[in-house]
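To start, the structure itself, in structure tokens.
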Amino acid sequence: MTTKLLAGAFCLSLSILAAPASAAQSTANLGVQAIVADTCLLAAGTGMSFASISTSQATNETTQGLITVTCTGTHQSVSVTLGGGSNVSGGARHMKSTSGALMPYKVFDSSARSTEVGVNDAVYSGAVQALTPKAIQVYGQIPAGSYTAGTYDDTLLVTLNYGTN
């Protein structure tokens with residue numbers, strides 16, 4: 001009997017030693033989020049700067065400028081418009097000198113200068129591909145005339161319109 005008892009106690013002790021240890025467990029949640037930006041940025045990189053004009057000679061002085069649009073997503077319907085400037089009068093743009101004299105100028109959407117971009121009219125309408133800068137050239141022209149000597153300037157408001165995707 002002692003042998004049976006001893007054998008049973010030995011088996012019981014082996015089963016206790018062989019039992020798996022219980023593991024502790026804890027859980028938590030990890031949040032995941034993303035922001036998908038759908039924006040377009042406008043940069044008026046190069047202004048229109050005319051060369052010196054002689055007051056004694058009538059010339060059609062021309063120059064060009066650059067506007068850039070970059071969007072985070074592709075947009076099929078984008079428009080860029082040009083305001084009239086600080087000295088617009090009768091639908092015509094003018095630069096103003098420090099003495100107050102005015103000099104007219106026009107803005108065109110091509111180097112051929114065949115179509116003038118009117119006040120608040122679009123200089124560009126069309127698509128802009130995602131992350132591909134769209135360069136929009138603008139072309140300025142001062143009509144031939146006799147102008148008062150001085151330094152002239154103006155500022156055009158450039159407006160970007162686009163729908164969100």
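The chains in the structure tokens are called A, B, ... from first to last as shown; in each chain the residues are counted from 1, and the ligands are counted from 1 in the order shown.
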
Pick out the residues sitting within 8 Å of region 30-47 of chain A, and hand them over as an mmCIF file with C-alpha atoms, in the first residue's frame; count only C-alpha atoms, and ignore anything fewer than 3 positions along from it in its own chain.
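Wrote it out as result_36.cif, contents follow:
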data_model
loop_
_atom_site.group_PDB
_atom_site.id
_atom_site.type_symbol
_atom_site.label_atom_id
_atom_site.label_comp_id
_atom_site.auth_asym_id
_atom_site.auth_seq_id
_atom_site.Cartn_x
_atom_site.Cartn_y
_atom_site.Cartn_z
ATOM 1 C CA GLN A 64 5.823 87.959 -69.992
ATOM 2 C CA GLY A 65 5.077 86.619 -66.539
ATOM 3 C CA LEU A 66 4.396 83.216 -64.985
ATOM 4 C CA ILE A 67 1.664 81.841 -62.729
ATOM 5 C CA THR A 68 1.883 78.275 -61.378
ATOM 6 C CA VAL A 69 -0.887 76.009 -60.025
ATOM 7 C CA THR A 70 -0.076 72.780 -58.159
ATOM 8 C CA CYS A 71 -2.810 70.454 -56.849
ATOM 9 C CA THR A 72 -2.566 67.431 -54.543
ATOM 10 C CA GLY A 73 -5.166 65.583 -56.645
ATOM 11 C CA VAL A 158 -4.809 86.354 -59.374
ATOM 12 C CA LEU A 160 -7.697 80.250 -58.460
ATOM 13 C CA TYR A 162 -11.327 74.614 -58.417
ATOM 14 C CA THR A 164 -12.879 69.522 -54.566
ATOM 15 C CA ASN A 165 -12.848 65.859 -55.510
#

Distance of CA of Gly90 (chain A) from CA of Thr62 (chain A), expressed in Å to one decimal place = 22.0 Å

Please identify all polymer residues within 10 Å of region 121-129 of chain A, counting only C-alpha atoms, omitting same-chain residues fewer than 5 positions from it, and present them as JSON, numbers by chain.
-> {"A": [40, 67, 69, 70, 71, 72, 73, 74, 75, 76, 77, 78, 79, 80, 81, 82, 83, 84, 107, 108, 109, 110, 115, 116, 134, 135, 136, 137, 138, 158, 159, 160, 161, 162]}

Per-residue DSSP, chain A, filtered to helix (DSSP H, G or I), as an MDAnalysis selection string = chainID A and resid 2:18

DSSP strand (DSSP E) residues within region 25-153 of chain A, as a VMD selection string = chain A and resid 40 to 46 61 to 71 75 to 82 93 to 97 102 to 108 121 to 128 134 to 142 152 to 153

Between CA of Glu61 (chain A) and CA of Ile142 (chain A), measure the distance and give it in Å to one decimal.
-> 5.2 Å
